[in-house]
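Student: Input file: my_file.cif. Contents: mmCIF, C-alpha atoms.
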```
data_data
#
loop_
_atom_site.label_atom_id
_atom_site.label_comp_id
_atom_site.auth_asym_id
_atom_site.auth_seq_id
_atom_site.Cartn_x
_atom_site.Cartn_y
_atom_site.Cartn_z
CA MET I 1 0.00 0.00 0.00
CA ALA I 2 1.37 3.38 -0.97
CA HIS I 3 1.98 5.96 1.69
CA TYR I 4 1.63 9.65 1.07
CA ASP I 5 3.09 12.47 3.09
CA VAL I 6 0.44 14.91 4.28
CA PRO I 7 1.69 18.50 4.10
CA VAL I 8 2.02 20.02 7.53
CA LYS I 9 0.61 23.51 7.76
CA PRO I 10 3.17 25.83 9.39
CA PRO I 11 2.06 27.61 12.55
CA PRO I 12 0.87 31.22 12.15
CA ALA I 13 3.51 33.90 12.42
CA THR I 14 3.65 35.59 15.82
CA PRO I 15 2.22 39.10 15.51
CA ALA I 16 4.48 41.97 16.52
CA HIS I 17 3.05 44.48 18.98
CA ALA I 18 2.26 47.81 17.28
CA ALA I 19 0.45 51.10 17.81
CA THR I 20 -1.26 53.47 15.39
CA LEU I 21 -2.35 57.08 15.84
CA VAL I 22 -5.31 58.61 14.00
CA LEU I 23 -4.81 62.39 13.85
CA LEU I 24 -7.88 64.60 13.41
CA ARG I 25 -7.98 68.26 12.33
CA ASP I 26 -11.01 70.56 12.17
CA ARG I 27 -11.95 72.24 8.90
CA PRO I 28 -12.59 76.02 9.00
CA ALA I 29 -16.07 75.62 7.51
CA GLY I 30 -17.06 72.67 9.70
CA GLY I 31 -16.31 68.99 9.82
CA PHE I 32 -12.85 67.52 10.16
CA ASP I 33 -10.11 65.70 8.30
CA VAL I 34 -8.04 62.65 9.16
CA LEU I 35 -4.36 62.30 8.31
CA LEU I 36 -3.47 59.43 5.99
CA MET I 37 0.03 58.63 4.81
CA GLN I 38 1.03 56.51 1.83
CA ARG I 39 3.57 53.80 2.53
CA HIS I 40 6.44 53.27 0.12
CA ARG I 41 5.58 50.87 -2.68
CA ALA I 42 8.55 48.70 -1.73
CA SER I 43 7.38 48.26 1.88
CA LYS I 44 7.10 44.70 3.19
CA PHE I 45 3.67 45.47 4.66
CA ALA I 46 0.84 47.56 3.20
CA ALA I 47 2.99 48.62 0.26
CA GLY I 48 1.47 51.65 -1.48
CA ASP I 49 -1.52 51.76 0.86
CA PHE I 50 -2.74 54.87 2.67
CA VAL I 51 -2.67 54.17 6.40
CA PHE I 52 -2.57 55.99 9.72
CA PRO I 53 0.87 56.74 11.18
CA GLY I 54 2.19 53.95 13.39
CA GLY I 55 4.46 50.96 13.69
CA LYS I 56 6.06 48.39 15.94
CA ILE I 57 6.52 48.91 19.64
CA GLU I 58 10.25 48.99 20.33
CA PRO I 59 12.12 47.98 23.51
CA ASP I 60 13.22 51.61 23.84
CA ASP I 61 9.57 52.71 24.17
CA ALA I 62 9.51 51.69 27.83
CA PRO I 63 12.64 52.90 29.66
CA ALA I 64 12.60 52.85 33.46
CA ASP I 65 11.79 56.56 33.70
CA ALA I 66 9.21 56.62 30.88
CA ALA I 67 6.34 57.76 33.13
CA THR I 68 8.34 60.87 34.09
CA TRP I 69 8.05 62.14 30.52
CA CYS I 70 4.35 61.35 30.01
CA ALA I 71 1.33 63.44 30.97
CA GLY I 72 -1.97 62.54 32.50
CA LEU I 73 -2.69 58.84 32.33
CA ASP I 74 -2.02 56.39 35.12
CA ARG I 75 -0.13 53.25 34.12
CA GLN I 76 -2.59 51.05 36.00
CA ASP I 77 -5.42 52.57 33.94
CA MET I 78 -3.46 51.96 30.74
CA SER I 79 -2.91 48.33 31.67
CA ARG I 80 -6.62 47.91 32.42
CA MET I 81 -7.59 49.41 29.06
CA LEU I 82 -5.28 47.09 27.12
CA GLY I 83 -6.18 43.96 29.08
CA THR I 84 -4.54 41.70 31.60
CA ALA I 85 -1.80 40.54 29.22
CA HIS I 86 0.03 43.85 29.60
CA ALA I 87 1.65 44.88 32.85
CA PRO I 88 1.55 48.60 33.76
CA GLU I 89 5.22 48.98 32.79
CA THR I 90 4.68 47.65 29.28
CA ALA I 91 1.23 49.16 28.69
CA LEU I 92 2.66 52.68 28.66
CA ALA I 93 4.87 51.72 25.70
CA TYR I 94 1.83 51.65 23.39
CA TRP I 95 0.96 55.29 24.06
CA ILE I 96 4.62 56.27 23.70
CA GLY I 97 5.14 54.16 20.59
CA ALA I 98 2.12 55.72 18.86
CA ILE I 99 3.51 59.22 19.48
CA ARG I 100 7.08 58.29 18.53
CA GLU I 101 6.12 56.54 15.30
CA THR I 102 3.93 59.49 14.29
CA PHE I 103 6.82 61.86 14.90
CA GLU I 104 9.21 59.73 12.87
CA GLU I 105 6.88 59.14 9.95
CA VAL I 106 5.07 62.46 9.48
CA GLY I 107 6.96 64.90 11.73
CA ILE I 108 4.07 65.71 14.09
CA LEU I 109 4.97 65.57 17.78
CA LEU I 110 2.32 65.39 20.49
CA ALA I 111 4.20 66.97 23.35
CA ARG I 112 4.29 70.02 25.60
CA GLY I 113 7.14 72.22 26.71
CA THR I 114 7.75 75.64 28.22
CA ARG I 115 10.09 76.40 25.34
CA TRP I 116 9.48 74.61 22.04
CA PRO I 117 12.75 73.77 20.26
CA ASP I 118 13.71 75.33 16.96
CA PRO I 119 12.05 73.50 14.01
CA THR I 120 15.43 72.74 12.47
CA ARG I 121 16.58 71.05 15.66
CA VAL I 122 13.32 69.09 15.89
CA GLU I 123 13.84 67.81 12.34
CA THR I 124 17.39 66.77 13.24
CA TYR I 125 16.02 64.70 16.13
CA ARG I 126 13.44 63.19 13.79
CA ARG I 127 16.09 62.06 11.32
CA ALA I 128 18.19 60.64 14.12
CA CYS I 129 15.24 58.57 15.36
CA HIS I 130 15.20 56.63 12.09
CA SER I 131 18.47 54.93 12.99
CA ASP I 132 18.50 55.19 16.79
CA LYS I 133 15.28 55.11 18.85
CA GLN I 134 17.19 56.53 21.82
CA ALA I 135 17.31 59.85 19.93
CA PHE I 136 13.64 60.30 20.80
CA TRP I 137 14.40 60.24 24.51
CA THR I 138 17.45 62.44 24.02
CA MET I 139 15.13 65.02 22.48
CA LEU I 140 12.61 64.87 25.35
CA ARG I 141 15.24 65.15 28.06
CA THR I 142 17.39 67.77 26.35
CA GLU I 143 14.48 69.99 25.33
CA GLY I 144 12.41 69.47 28.49
CA LEU I 145 9.36 68.12 26.65
CA THR I 146 6.49 66.07 28.08
CA LEU I 147 4.60 63.66 25.85
CA ALA I 148 0.89 64.47 25.57
CA THR I 149 -0.16 60.90 26.33
CA ASP I 150 -3.29 62.25 28.02
CA ARG I 151 -4.59 63.46 24.65
CA LEU I 152 -4.68 59.99 23.10
CA VAL I 153 -7.97 58.08 23.03
CA TYR I 154 -7.61 54.31 22.82
CA PHE I 155 -10.43 52.93 20.68
CA ALA I 156 -9.61 49.77 18.67
CA HIS I 157 -7.57 46.56 18.63
CA TRP I 158 -6.85 44.60 15.44
CA ILE I 159 -4.69 41.53 14.83
CA THR I 160 -3.51 40.65 11.32
CA PRO I 161 -5.10 37.41 10.00
CA GLU I 162 -3.29 34.17 10.80
CA GLU I 163 -2.98 33.51 7.08
CA SER I 164 -0.67 36.50 6.62
CA PRO I 165 3.12 35.87 6.72
CA LEU I 166 3.71 39.27 8.36
CA ARG I 167 1.44 40.00 11.30
CA PHE I 168 0.80 42.83 13.78
CA ASP I 169 -1.13 43.06 17.02
CA THR I 170 -2.12 46.72 16.74
CA ARG I 171 -3.70 49.14 19.20
CA PHE I 172 -5.43 52.14 17.65
CA PHE I 173 -5.41 55.59 19.25
CA ALA I 174 -6.86 58.93 18.14
CA ALA I 175 -6.05 62.56 18.99
CA GLU I 176 -6.45 66.07 17.65
CA ALA I 177 -3.44 67.20 15.66
CA PRO I 178 -1.48 69.94 17.49
CA ALA I 179 -1.86 73.42 16.04
CA GLY I 180 1.06 74.83 14.06
CA GLN I 181 2.56 71.50 13.00
CA GLU I 182 2.37 70.23 9.43
CA ALA I 183 2.67 66.63 8.28
CA THR I 184 5.62 65.90 6.01
CA VAL I 185 6.99 62.72 4.44
CA ASP I 186 10.00 61.12 6.08
CA GLY I 187 11.89 60.39 2.88
CA LYS I 188 12.11 56.75 3.86
CA GLU I 189 8.87 54.84 4.53
CA VAL I 190 6.30 57.52 3.66
CA ILE I 191 5.92 58.92 0.15
CA ALA I 192 2.77 61.08 0.50
CA VAL I 193 0.45 62.55 3.13
CA ARG I 194 -3.18 63.61 2.70
CA TRP I 195 -5.82 65.18 4.93
CA LEU I 196 -9.27 63.84 4.01
CA SER I 197 -12.60 63.57 5.75
CA PRO I 198 -13.53 59.98 6.63
CA ARG I 199 -16.14 59.89 3.87
CA GLU I 200 -13.78 61.43 1.29
CA ALA I 201 -11.17 58.77 2.07
CA ILE I 202 -13.65 55.90 1.81
CA ASP I 203 -15.10 57.24 -1.45
CA ALA I 204 -11.62 57.81 -2.94
CA ALA I 205 -10.78 54.18 -2.19
CA ALA I 206 -14.04 53.01 -3.79
CA ARG I 207 -13.09 54.93 -6.95
CA GLY I 208 -9.64 53.33 -6.96
CA GLU I 209 -7.84 56.65 -6.37
CA ILE I 210 -6.21 55.45 -3.16
CA SER I 211 -5.78 52.04 -1.56
CA LEU I 212 -7.07 51.48 1.99
CA ARG I 213 -6.76 48.38 4.11
CA ASN I 214 -9.79 46.84 5.79
CA PRO I 215 -8.95 48.06 9.35
CA THR I 216 -8.41 51.59 8.02
CA VAL I 217 -11.83 51.64 6.35
CA ARG I 218 -13.58 50.19 9.40
CA ASN I 219 -12.00 52.73 11.73
CA LEU I 220 -12.81 55.62 9.38
CA MET I 221 -16.43 54.45 9.54
CA LEU I 222 -16.34 54.86 13.33
CA LEU I 223 -15.47 58.54 12.83
CA GLU I 224 -17.83 59.30 9.97
CA GLY I 225 -20.62 61.79 10.56
CA ALA I 226 -19.22 63.54 13.62
CA PRO I 227 -19.46 67.35 13.27
CA SER I 228 -15.97 68.07 14.62
CA ALA I 229 -12.74 66.45 15.74
CA ALA I 230 -13.72 66.88 19.39
CA ALA I 231 -17.09 65.25 18.75
CA ALA I 232 -15.45 62.34 16.96
CA LEU I 233 -13.03 61.80 19.86
CA GLY I 234 -15.93 62.00 22.29
CA ARG I 235 -17.65 59.25 20.33
CA LEU I 236 -14.57 57.03 20.62
CA ALA I 237 -13.77 57.72 24.28
CA GLY I 238 -14.75 54.94 26.60
CA ARG I 239 -16.09 52.62 23.88
CA SER I 240 -15.80 48.91 24.57
CA VAL I 241 -12.75 47.68 22.66
CA GLU I 242 -13.01 44.15 21.33
CA THR I 243 -10.15 42.34 19.62
CA ILE I 244 -10.77 41.97 15.87
CA ARG I 245 -8.86 39.32 13.97
CA PRO I 246 -10.13 38.85 10.41
CA ARG I 247 -9.80 35.57 8.58
CA VAL I 248 -8.69 35.37 4.94
CA LEU I 249 -9.96 32.56 2.70
CA GLU I 250 -9.49 31.80 -0.97
CA VAL I 251 -12.48 30.10 -2.56
CA GLY I 252 -12.24 29.33 -6.26
CA GLY I 253 -9.34 31.75 -6.61
CA VAL I 254 -11.34 34.56 -5.01
CA ARG I 255 -9.96 36.13 -1.83
CA ARG I 256 -12.54 36.62 0.92
CA VAL I 257 -12.07 38.48 4.18
CA LEU I 258 -14.26 37.20 7.00
CA MET I 259 -14.93 39.27 10.10
CA PRO I 260 -15.92 37.93 13.52
CA GLY I 261 -19.57 36.93 13.33
CA ASP I 262 -19.55 36.24 9.56
CA PRO I 263 -20.63 32.76 8.39
CA GLY I 264 -17.54 30.56 8.07
CA TYR I 265 -15.50 32.52 10.59
CA TYR I 266 -13.50 30.18 12.86
#
```
In structure tokens, write the structure found in this file.

Tutor:
Amino acid sequence: MAHYDVPVKPPPATPAHAATLVLLRDRPAGGFDVLLMQRHRASKFAAGDFVFPGGKIEPDDAPADAATWCAGLDRQDMSRMLGTAHAPETALAYWIGAIRETFEEVGILLARGTRWPDPTRVETYRRACHSDKQAFWTMLRTEGLTLATDRLVYFAHWITPEESPLRFDTRFFAAEAPAGQEATVDGKEVIAVRWLSPREAIDAAARGEISLRNPTVRNLMLLEGAPSAAAALGRLAGRSVETIRPRVLEVGGVRRVLMPGDPGYY
């Protein structure tokens, strides 16, 4: 009797911890825009897509004195919001990582200081962060800045499907963009930035003008219809955050994305 080897399905890739920041900005005539940045077309993940600023949580995002440079939120509260898997010391890293990644990628820094550093010096710190994450902390300590962690609203949690070879366990935050700061590309990972209302972004994707990932669309839908940035943040504040992990299936050569609750989901 012939024996056949049955292919063994490899285990899913372990998702890297990540944080994303949705920046909102009021329009003069009413309504608000959301900042979207286009990732480089050679990126390993979301190549060419328009996404919110964000990225992986780094070991340097949680130094021993991190809380000294953060405003407002208690680490115990942060741990409770994220869930029991994250100790207070590591929970803070998500708020910090969201701010740091946004600064690196689009040049917007959510921080406070009695004396704001010269823009040229800030840009020098930004460039340095691309190769050394410690440069971010050098900037805070040297310039006497405090991260505006109290301005971030935690509102969503997505995990990349198990079928994907590159996965992220991402926490989504939102905040109003600070006045007087403009988003700029980083010359490395980001090739374009756009401010669009949630509906404009969704419609542009439907017309094929921009490419949006499923989590981006779903989170834009949470913001849609609010009359202002403050109202949108108020809508997100305190909402029950459930973990969303889509499933990707190919049926007859057609790719299907299943969400929790859909027929055929796990």

Student: Please, what distance in Å, to one decimal, runs between CA of Ala237 (chain I) and CA of Val153 (chain I)?

Tutor: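 Going from CA of Ala237 (chain I) over to CA of Val153 (chain I) covers 5.9 Å.
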
Student: Go through I:Pro88, I:Gly238, I:Gly72, I:Pro117 and flag the residue nearest Ala156 (chain I), using all atoms listed in the file for the distances.

Tutor: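 Ranking I:Pro88, I:Gly238, I:Gly72, I:Pro117 by distance to Ala156 (chain I), first place goes to I:Gly238.
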
Student: Considering all atoms listed in the file, can you say which of I:Tyr266, I:Val257, I:Leu92, I:Leu36 comes closest to Ala64 (chain I)?

Tutor: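 When distances to Ala64 (chain I) are compared using all atoms listed in the file, the smallest one comes from I:Leu92.
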
Student: Could you tell me which of I:Leu236, I:Leu196, I:Ile191, I:Asn219 comes closest to Ala47 (chain I) if we count only C-alpha atoms?

Tutor: I:Ile191

Student: Distance CA of Ser79 (chain I)-CA of Tyr154 (chain I), one decimal place?

Tutor: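 Here the two named atoms are 11.7 Å from each other.
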
Student: In Å, with one decimal, what is the gap from CA of Arg218 (chain I) to CA of Gly107 (chain I)?

Tutor: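 Separation between CA of Arg218 (chain I) and CA of Gly107 (chain I): 25.4 Å.
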
Student: Output as a tab-separated table (two decimals), in the coordinates of the input: region 133-166 of chain I, completed with N, CA and C atoms.

Tutor:
```
chain	number	residue	atom	x	y	z
I	133	LYS	N	16.49	54.74	18.11
I	133	LYS	CA	15.28	55.11	18.85
I	133	LYS	C	15.60	55.89	20.12
I	134	GLN	N	16.82	55.78	20.63
I	134	GLN	CA	17.19	56.53	21.82
I	134	GLN	C	17.20	58.04	21.55
I	135	ALA	N	17.31	58.43	20.28
I	135	ALA	CA	17.31	59.85	19.93
I	135	ALA	C	16.01	60.52	20.34
I	136	PHE	N	14.93	59.76	20.37
I	136	PHE	CA	13.64	60.30	20.80
I	136	PHE	C	13.70	60.74	22.25
I	137	TRP	N	14.29	59.91	23.10
I	137	TRP	CA	14.40	60.24	24.51
I	137	TRP	C	15.44	61.32	24.75
I	138	THR	N	16.48	61.34	23.94
I	138	THR	CA	17.45	62.44	24.02
I	138	THR	C	16.76	63.77	23.77
I	139	MET	N	15.88	63.80	22.79
I	139	MET	CA	15.13	65.02	22.48
I	139	MET	C	14.27	65.45	23.66
I	140	LEU	N	13.50	64.51	24.23
I	140	LEU	CA	12.61	64.87	25.35
I	140	LEU	C	13.39	65.42	26.53
I	141	ARG	N	14.47	64.75	26.89
I	141	ARG	CA	15.24	65.15	28.06
I	141	ARG	C	16.01	66.43	27.83
I	142	THR	N	16.60	66.57	26.65
I	142	THR	CA	17.39	67.77	26.35
I	142	THR	C	16.50	69.00	26.23
I	143	GLU	N	15.35	68.84	25.59
I	143	GLU	CA	14.48	69.99	25.33
I	143	GLU	C	13.42	70.20	26.41
I	144	GLY	N	13.37	69.32	27.40
I	144	GLY	CA	12.41	69.47	28.49
I	144	GLY	C	10.97	69.31	28.04
I	145	LEU	N	10.70	68.33	27.18
I	145	LEU	CA	9.36	68.12	26.65
I	145	LEU	C	8.65	66.99	27.39
I	146	THR	N	7.33	67.11	27.48
I	146	THR	CA	6.49	66.07	28.08
I	146	THR	C	5.54	65.55	27.02
I	147	LEU	N	5.49	64.24	26.84
I	147	LEU	CA	4.60	63.66	25.85
I	147	LEU	C	3.14	63.85	26.26
I	148	ALA	N	2.31	64.22	25.29
I	148	ALA	CA	0.89	64.47	25.57
I	148	ALA	C	0.10	63.16	25.50
I	149	THR	N	0.52	62.19	26.32
I	149	THR	CA	-0.16	60.90	26.33
I	149	THR	C	-1.61	61.01	26.79
I	150	ASP	N	-1.91	62.07	27.55
I	150	ASP	CA	-3.29	62.25	28.02
I	150	ASP	C	-4.24	62.68	26.92
I	151	ARG	N	-3.73	63.05	25.76
I	151	ARG	CA	-4.59	63.46	24.65
I	151	ARG	C	-5.00	62.29	23.76
I	152	LEU	N	-4.39	61.14	23.95
I	152	LEU	CA	-4.68	59.99	23.10
I	152	LEU	C	-5.90	59.22	23.62
I	153	VAL	N	-6.80	58.90	22.71
I	153	VAL	CA	-7.97	58.08	23.03
I	153	VAL	C	-7.77	56.69	22.44
I	154	TYR	N	-7.75	55.69	23.29
I	154	TYR	CA	-7.61	54.31	22.82
I	154	TYR	C	-8.98	53.80	22.40
I	155	PHE	N	-9.08	53.26	21.14
I	155	PHE	CA	-10.43	52.93	20.68
I	155	PHE	C	-10.54	51.64	19.86
I	156	ALA	N	-9.46	50.98	19.48
I	156	ALA	CA	-9.61	49.77	18.67
I	156	ALA	C	-8.40	48.87	18.81
I	157	HIS	N	-8.62	47.57	18.53
I	157	HIS	CA	-7.57	46.56	18.63
I	157	HIS	C	-7.75	45.56	17.50
I	158	TRP	N	-6.80	45.52	16.58
I	158	TRP	CA	-6.85	44.60	15.44
I	158	TRP	C	-5.61	43.72	15.41
I	159	ILE	N	-5.80	42.46	15.02
I	159	ILE	CA	-4.69	41.53	14.83
I	159	ILE	C	-4.74	41.03	13.39
I	160	THR	N	-3.61	41.10	12.71
I	160	THR	CA	-3.51	40.65	11.32
I	160	THR	C	-3.94	39.18	11.22
I	161	PRO	N	-4.66	38.80	10.16
I	161	PRO	CA	-5.10	37.41	10.00
I	161	PRO	C	-3.96	36.40	10.13
I	162	GLU	N	-4.29	35.22	10.65
I	162	GLU	CA	-3.29	34.17	10.80
I	162	GLU	C	-2.70	33.73	9.47
I	163	GLU	N	-3.45	33.93	8.39
I	163	GLU	CA	-2.98	33.51	7.08
I	163	GLU	C	-1.88	34.41	6.52
I	164	SER	N	-1.66	35.55	7.12
I	164	SER	CA	-0.67	36.50	6.62
I	164	SER	C	0.73	36.13	7.13
I	165	PRO	N	1.76	36.20	6.27
I	165	PRO	CA	3.12	35.87	6.72
I	165	PRO	C	3.73	36.94	7.62
I	166	LEU	N	3.21	38.17	7.54
I	166	LEU	CA	3.71	39.27	8.36
I	166	LEU	C	2.53	39.81	9.15
```
